[in-house]
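Undergrad: Contents are PDB, C-alpha atoms, pLDDT in the B column; file name target_39.pdb:
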```pdb
ATOM      1  CA  MET F   1     113.917 214.253 122.995  1.00 50.00           C
ATOM      2  CA  LYS F   2     116.050 211.560 121.402  1.00 59.00           C
ATOM      3  CA  PHE F   3     114.940 210.115 118.084  1.00 68.00           C
ATOM      4  CA  SER F   4     115.739 206.630 116.810  1.00 74.00           C
ATOM      5  CA  ASN F   5     117.223 206.079 113.357  1.00 88.00           C
ATOM      6  CA  LYS F   6     117.010 202.292 113.640  1.00 92.00           C
ATOM      7  CA  LEU F   7     114.032 201.917 111.292  1.00 93.00           C
ATOM      8  CA  SER F   8     115.519 204.107 108.606  1.00 95.00           C
ATOM      9  CA  ASP F   9     118.917 202.410 108.987  1.00 96.00           C
ATOM     10  CA  GLY F  10     117.323 198.963 108.721  1.00 97.00           C
ATOM     11  CA  VAL F  11     115.458 199.968 105.570  1.00 97.00           C
ATOM     12  CA  HIS F  12     118.666 201.558 104.269  1.00 97.00           C
ATOM     13  CA  ILE F  13     120.599 198.297 104.736  1.00 97.00           C
ATOM     14  CA  LEU F  14     117.946 196.198 103.015  1.00 98.00           C
ATOM     15  CA  ALA F  15     117.593 198.636 100.108  1.00 98.00           C
ATOM     16  CA  TYR F  16     121.381 198.857  99.733  1.00 97.00           C
ATOM     17  CA  VAL F  17     121.728 195.062  99.649  1.00 97.00           C
ATOM     18  CA  ASP F  18     119.103 194.832  96.910  1.00 97.00           C
ATOM     19  CA  ILE F  19     120.144 197.830  94.804  1.00 97.00           C
ATOM     20  CA  CYS F  20     123.886 197.166  95.055  1.00 96.00           C
ATOM     21  CA  LYS F  21     123.681 193.361  94.863  1.00 94.00           C
ATOM     22  CA  ASP F  22     126.439 193.237  92.230  1.00 92.00           C
ATOM     23  CA  GLY F  23     128.707 195.625  94.122  1.00 92.00           C
ATOM     24  CA  ASP F  24     130.536 195.875  97.426  1.00 93.00           C
ATOM     25  CA  LEU F  25     128.191 194.578 100.128  1.00 94.00           C
ATOM     26  CA  SER F  26     130.703 194.702 102.964  1.00 93.00           C
ATOM     27  CA  SER F  27     129.633 196.212 106.255  1.00 93.00           C
ATOM     28  CA  ALA F  28     132.216 198.951 105.597  1.00 94.00           C
ATOM     29  CA  ALA F  29     130.575 199.866 102.278  1.00 96.00           C
ATOM     30  CA  ILE F  30     127.092 199.854 103.807  1.00 96.00           C
ATOM     31  CA  ALA F  31     128.352 201.859 106.798  1.00 96.00           C
ATOM     32  CA  SER F  32     129.784 204.426 104.395  1.00 96.00           C
ATOM     33  CA  SER F  33     126.364 204.824 102.795  1.00 97.00           C
ATOM     34  CA  ILE F  34     124.634 205.194 106.170  1.00 96.00           C
ATOM     35  CA  GLU F  35     127.498 207.313 107.526  1.00 93.00           C
ATOM     36  CA  SER F  36     127.854 204.962 110.464  1.00 93.00           C
ATOM     37  CA  ASN F  37     130.433 202.407 111.537  1.00 93.00           C
ATOM     38  CA  PRO F  38     130.814 198.832 110.254  1.00 94.00           C
ATOM     39  CA  SER F  39     130.341 197.185 113.662  1.00 95.00           C
ATOM     40  CA  LEU F  40     126.982 198.915 114.138  1.00 95.00           C
ATOM     41  CA  VAL F  41     125.961 197.844 110.628  1.00 95.00           C
ATOM     42  CA  ARG F  42     126.934 194.238 111.409  1.00 93.00           C
ATOM     43  CA  ARG F  43     124.787 194.322 114.565  1.00 94.00           C
ATOM     44  CA  MET F  44     121.828 195.677 112.604  1.00 95.00           C
ATOM     45  CA  MET F  45     122.373 193.090 109.858  1.00 95.00           C
ATOM     46  CA  SER F  46     122.392 190.391 112.520  1.00 93.00           C
ATOM     47  CA  ARG F  47     118.969 191.515 113.758  1.00 95.00           C
ATOM     48  CA  LEU F  48     117.624 191.563 110.205  1.00 97.00           C
ATOM     49  CA  SER F  49     119.077 188.081 109.610  1.00 95.00           C
ATOM     50  CA  LYS F  50     117.591 186.615 112.794  1.00 95.00           C
ATOM     51  CA  ALA F  51     114.188 187.901 111.649  1.00 96.00           C
ATOM     52  CA  GLY F  52     114.572 186.311 108.209  1.00 96.00           C
ATOM     53  CA  LEU F  53     114.616 189.628 106.347  1.00 97.00           C
ATOM     54  CA  LEU F  54     118.265 189.234 105.367  1.00 97.00           C
ATOM     55  CA  ILE F  55     120.411 186.217 104.610  1.00 95.00           C
ATOM     56  CA  SER F  56     123.969 186.734 105.741  1.00 85.00           C
ATOM     57  CA  ARG F  57     126.762 184.425 106.820  1.00 80.00           C
ATOM     58  CA  PRO F  58     129.708 185.477 108.989  1.00 74.00           C
ATOM     59  CA  GLY F  59     132.907 185.764 106.980  1.00 76.00           C
ATOM     60  CA  VAL F  60     131.077 185.802 103.625  1.00 77.00           C
ATOM     61  CA  VAL F  61     130.403 189.181 102.018  1.00 84.00           C
ATOM     62  CA  ALA F  62     127.281 188.247 100.080  1.00 89.00           C
ATOM     63  CA  PRO F  63     124.166 189.261 102.006  1.00 94.00           C
ATOM     64  CA  LYS F  64     120.841 189.062 100.223  1.00 96.00           C
ATOM     65  CA  LEU F  65     117.218 189.670 101.054  1.00 97.00           C
ATOM     66  CA  GLY F  66     115.532 186.870 102.963  1.00 97.00           C
ATOM     67  CA  ARG F  67     112.431 187.170 100.805  1.00 97.00           C
ATOM     68  CA  PRO F  68     111.393 189.292  97.823  1.00 98.00           C
ATOM     69  CA  ALA F  69     111.403 193.042  98.487  1.00 97.00           C
ATOM     70  CA  SER F  70     107.713 193.138  97.561  1.00 98.00           C
ATOM     71  CA  GLU F  71     107.010 190.844 100.528  1.00 98.00           C
ATOM     72  CA  ILE F  72     108.912 192.879 103.134  1.00 98.00           C
ATOM     73  CA  THR F  73     106.924 195.721 104.654  1.00 98.00           C
ATOM     74  CA  LEU F  74     108.031 198.778 106.535  1.00 97.00           C
ATOM     75  CA  LEU F  75     106.184 197.298 109.520  1.00 96.00           C
ATOM     76  CA  ASP F  76     108.301 194.134 109.297  1.00 96.00           C
ATOM     77  CA  VAL F  77     111.478 196.199 109.512  1.00 97.00           C
ATOM     78  CA  TYR F  78     110.054 198.416 112.267  1.00 95.00           C
ATOM     79  CA  ARG F  79     109.233 195.410 114.435  1.00 94.00           C
ATOM     80  CA  VAL F  80     112.743 194.025 114.000  1.00 95.00           C
ATOM     81  CA  MET F  81     114.719 197.221 114.463  1.00 93.00           C
ATOM     82  CA  GLU F  82     112.896 199.156 117.168  1.00 87.00           C
ATOM     83  CA  ASP F  83     113.356 197.971 120.752  1.00 78.00           C
ATOM     84  CA  ASN F  84     110.564 200.170 122.091  1.00 73.00           C
ATOM     85  CA  GLN F  85     107.865 199.960 119.467  1.00 76.00           C
ATOM     86  CA  ASN F  86     105.658 202.695 120.887  1.00 83.00           C
ATOM     87  CA  LEU F  87     105.823 205.830 118.783  1.00 83.00           C
ATOM     88  CA  LEU F  88     104.456 208.036 121.554  1.00 84.00           C
ATOM     89  CA  HIS F  89     105.223 207.873 125.253  1.00 84.00           C
ATOM     90  CA  ILE F  90     103.288 209.042 128.286  1.00 87.00           C
ATOM     91  CA  ASP F  91     104.895 210.810 131.224  1.00 88.00           C
ATOM     92  CA  GLU F  92     104.219 208.417 134.084  1.00 86.00           C
ATOM     93  CA  LYS F  93     105.345 210.875 136.781  1.00 89.00           C
ATOM     94  CA  THR F  94     102.410 213.234 137.078  1.00 89.00           C
ATOM     95  CA  ASN F  95     100.630 214.438 140.194  1.00 88.00           C
ATOM     96  CA  PRO F  96      97.660 212.122 140.870  1.00 88.00           C
ATOM     97  CA  ALA F  97      96.090 214.744 143.164  1.00 92.00           C
ATOM     98  CA  CYS F  98      95.740 217.157 140.215  1.00 92.00           C
ATOM     99  CA  ILE F  99      92.709 216.890 137.926  1.00 93.00           C
ATOM    100  CA  VAL F 100      94.998 216.839 134.879  1.00 93.00           C
ATOM    101  CA  GLY F 101      97.878 214.865 136.393  1.00 92.00           C
ATOM    102  CA  GLY F 102      95.494 212.255 137.771  1.00 90.00           C
ATOM    103  CA  ASN F 103      93.766 211.636 134.456  1.00 91.00           C
ATOM    104  CA  ILE F 104      96.186 212.451 131.669  1.00 92.00           C
ATOM    105  CA  GLN F 105      97.776 208.997 131.396  1.00 92.00           C
ATOM    106  CA  GLU F 106      94.499 207.134 130.892  1.00 91.00           C
ATOM    107  CA  THR F 107      93.233 209.765 128.467  1.00 93.00           C
ATOM    108  CA  LEU F 108      96.397 209.833 126.362  1.00 94.00           C
ATOM    109  CA  THR F 109      96.798 206.049 126.421  1.00 93.00           C
ATOM    110  CA  ASP F 110      93.614 205.588 124.398  1.00 92.00           C
ATOM    111  CA  ILE F 111      94.598 208.311 121.948  1.00 95.00           C
ATOM    112  CA  TYR F 112      98.192 207.096 121.596  1.00 94.00           C
ATOM    113  CA  ASP F 113      97.058 203.496 121.101  1.00 94.00           C
ATOM    114  CA  GLN F 114      94.889 204.586 118.165  1.00 95.00           C
ATOM    115  CA  ILE F 115      97.738 206.614 116.656  1.00 95.00           C
ATOM    116  CA  GLN F 116     100.042 203.592 117.041  1.00 93.00           C
ATOM    117  CA  LYS F 117      97.520 201.322 115.315  1.00 95.00           C
ATOM    118  CA  ASN F 118      97.055 203.794 112.456  1.00 96.00           C
ATOM    119  CA  ALA F 119     100.816 204.151 111.982  1.00 94.00           C
ATOM    120  CA  GLU F 120     101.359 200.382 111.993  1.00 94.00           C
ATOM    121  CA  ASP F 121      98.486 199.873 109.546  1.00 97.00           C
ATOM    122  CA  SER F 122     100.112 202.445 107.244  1.00 97.00           C
ATOM    123  CA  MET F 123     103.564 200.851 107.574  1.00 96.00           C
ATOM    124  CA  ALA F 124     102.064 197.462 106.673  1.00 97.00           C
ATOM    125  CA  GLN F 125     100.953 198.956 103.344  1.00 97.00           C
ATOM    126  CA  VAL F 126     104.455 200.058 102.273  1.00 98.00           C
ATOM    127  CA  SER F 127     106.739 197.434 100.765  1.00 98.00           C
ATOM    128  CA  LEU F 128     110.497 197.533 100.583  1.00 98.00           C
ATOM    129  CA  GLN F 129     110.083 197.232  96.810  1.00 98.00           C
ATOM    130  CA  GLU F 130     108.142 200.522  96.742  1.00 98.00           C
ATOM    131  CA  ILE F 131     110.945 202.185  98.705  1.00 97.00           C
ATOM    132  CA  ILE F 132     113.603 200.742  96.387  1.00 97.00           C
ATOM    133  CA  ASP F 133     111.659 201.888  93.322  1.00 97.00           C
ATOM    134  CA  SER F 134     111.363 205.376  94.774  1.00 96.00           C
ATOM    135  CA  ILE F 135     115.112 205.499  95.529  1.00 96.00           C
ATOM    136  CA  LEU F 136     115.873 204.562  91.928  1.00 95.00           C
ATOM    137  CA  VAL F 137     113.418 207.153  90.556  1.00 94.00           C
ATOM    138  CA  ASN F 138     114.864 209.870  92.803  1.00 91.00           C
ATOM    139  CA  ASN F 139     118.376 208.917  91.694  1.00 89.00           C
ATOM    140  CA  GLN F 140     117.383 209.255  88.034  1.00 88.00           C
ATOM    141  CA  LYS F 141     115.976 212.734  88.675  1.00 87.00           C
ATOM    142  CA  LYS F 142     119.401 213.824  89.979  1.00 82.00           C
ATOM    143  CA  LYS F 143     121.164 212.821  86.758  1.00 73.00           C
TER     144      LYS F 143
END
```
Would it be possible to restate this file's structure as structure tokens?
TA:
Amino acid sequence: MKFSNKLSDGVHILAYVDICKDGDLSSAAIASSIESNPSLVRRMMSRLSKAGLLISRPGVVAPKLGRPASEITLLDVYRVMEDNQNLLHIDEKTNPACIVGGNIQETLTDIYDQIQKNAEDSMAQVSLQEIIDSILVNNQKKK
């Protein structure tokens, strides 16, 4: 099973831009923090910019948050970064002649939809500011 890091990378970029606002905000510097490559970071920053979560201009190394960190939720970033926004996926190739195979999709769809709603409701309650504050607290503990 392949897992997506897009949400965490999107949050990482936004937190980096806010925390390091007086430092090097180049895609190379951000990529170094994520341990990725600058072109991938630029593509992710473009998505965040198109959604209004980040203000960035090509050729100018001065990105900034599109709105206060307290007004950006984890759900906002999730909706921008994830192409397939379903957390759980149903196997659509089951045997319809089998009692389980013929009924599993409908049964799991209802359950998965509720899990999705609960997860999105939880993400809507977490602000980027809370994440930034936690990063700064965790950093202080390491000193």
Undergrad: Tell me, in Å to one decimal, how far CA of Gln140 in chain F is from CA of Gly10 in chain F.
TA: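 Pair CA of Gln140 in chain F / CA of Gly10 in chain F returns 23.1 Å.
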Undergrad: Run the PyMOL selection byres ((chain F and resi 58) around 12) on the file and write out the hits as a list in words.
TA: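 Output from the PyMOL selection byres ((chain F and resi 58) around 12), applied to this file: Ser26, Ser27, Arg42, Arg43, Met45, Ser46, Ser49, Ile55, Ser56, Arg57, Gly59, Val60, Val61, Ala62 and Pro63 of chain F.
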Undergrad: Taking only C-alpha atoms into account, name the residue in F:Asn84, F:Asn37, F:Thr73, F:Asn5 that is nearest to Ser122 in chain F.
TA: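 Smallest separation from Ser122 in chain F among the options: F:Thr73.
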Undergrad: Nearest residue to Leu136 in chain F out of F:Leu65, F:Leu54, F:Leu87, F:Ala15, using all atoms listed in the file?
TA: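 So, comparing all the options, the nearest one is F:Ala15.
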Undergrad: Within 7 Å of Gln116 in chain F, counting all atoms listed in the file, which residues qualify if same-chain residues fewer than 4 places away don't, as an MDAnalysis selection string?
TA: chainID F and resid 86:87 112 120
Undergrad: Looking at all atoms listed in the file, which of F:Arg47, F:Lys21, F:Lys6, F:His89 is the one that sits closest to Leu74 in chain F?
TA: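 Answer, going by the shortest atom-to-atom distance: F:Lys6.
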Undergrad: Work out how far CA of Ala119 in chain F is from CA of Asn103 in chain F, in Å to one decimal.
TA: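 Rounded to one decimal, the two atoms are 24.7 Å apart.
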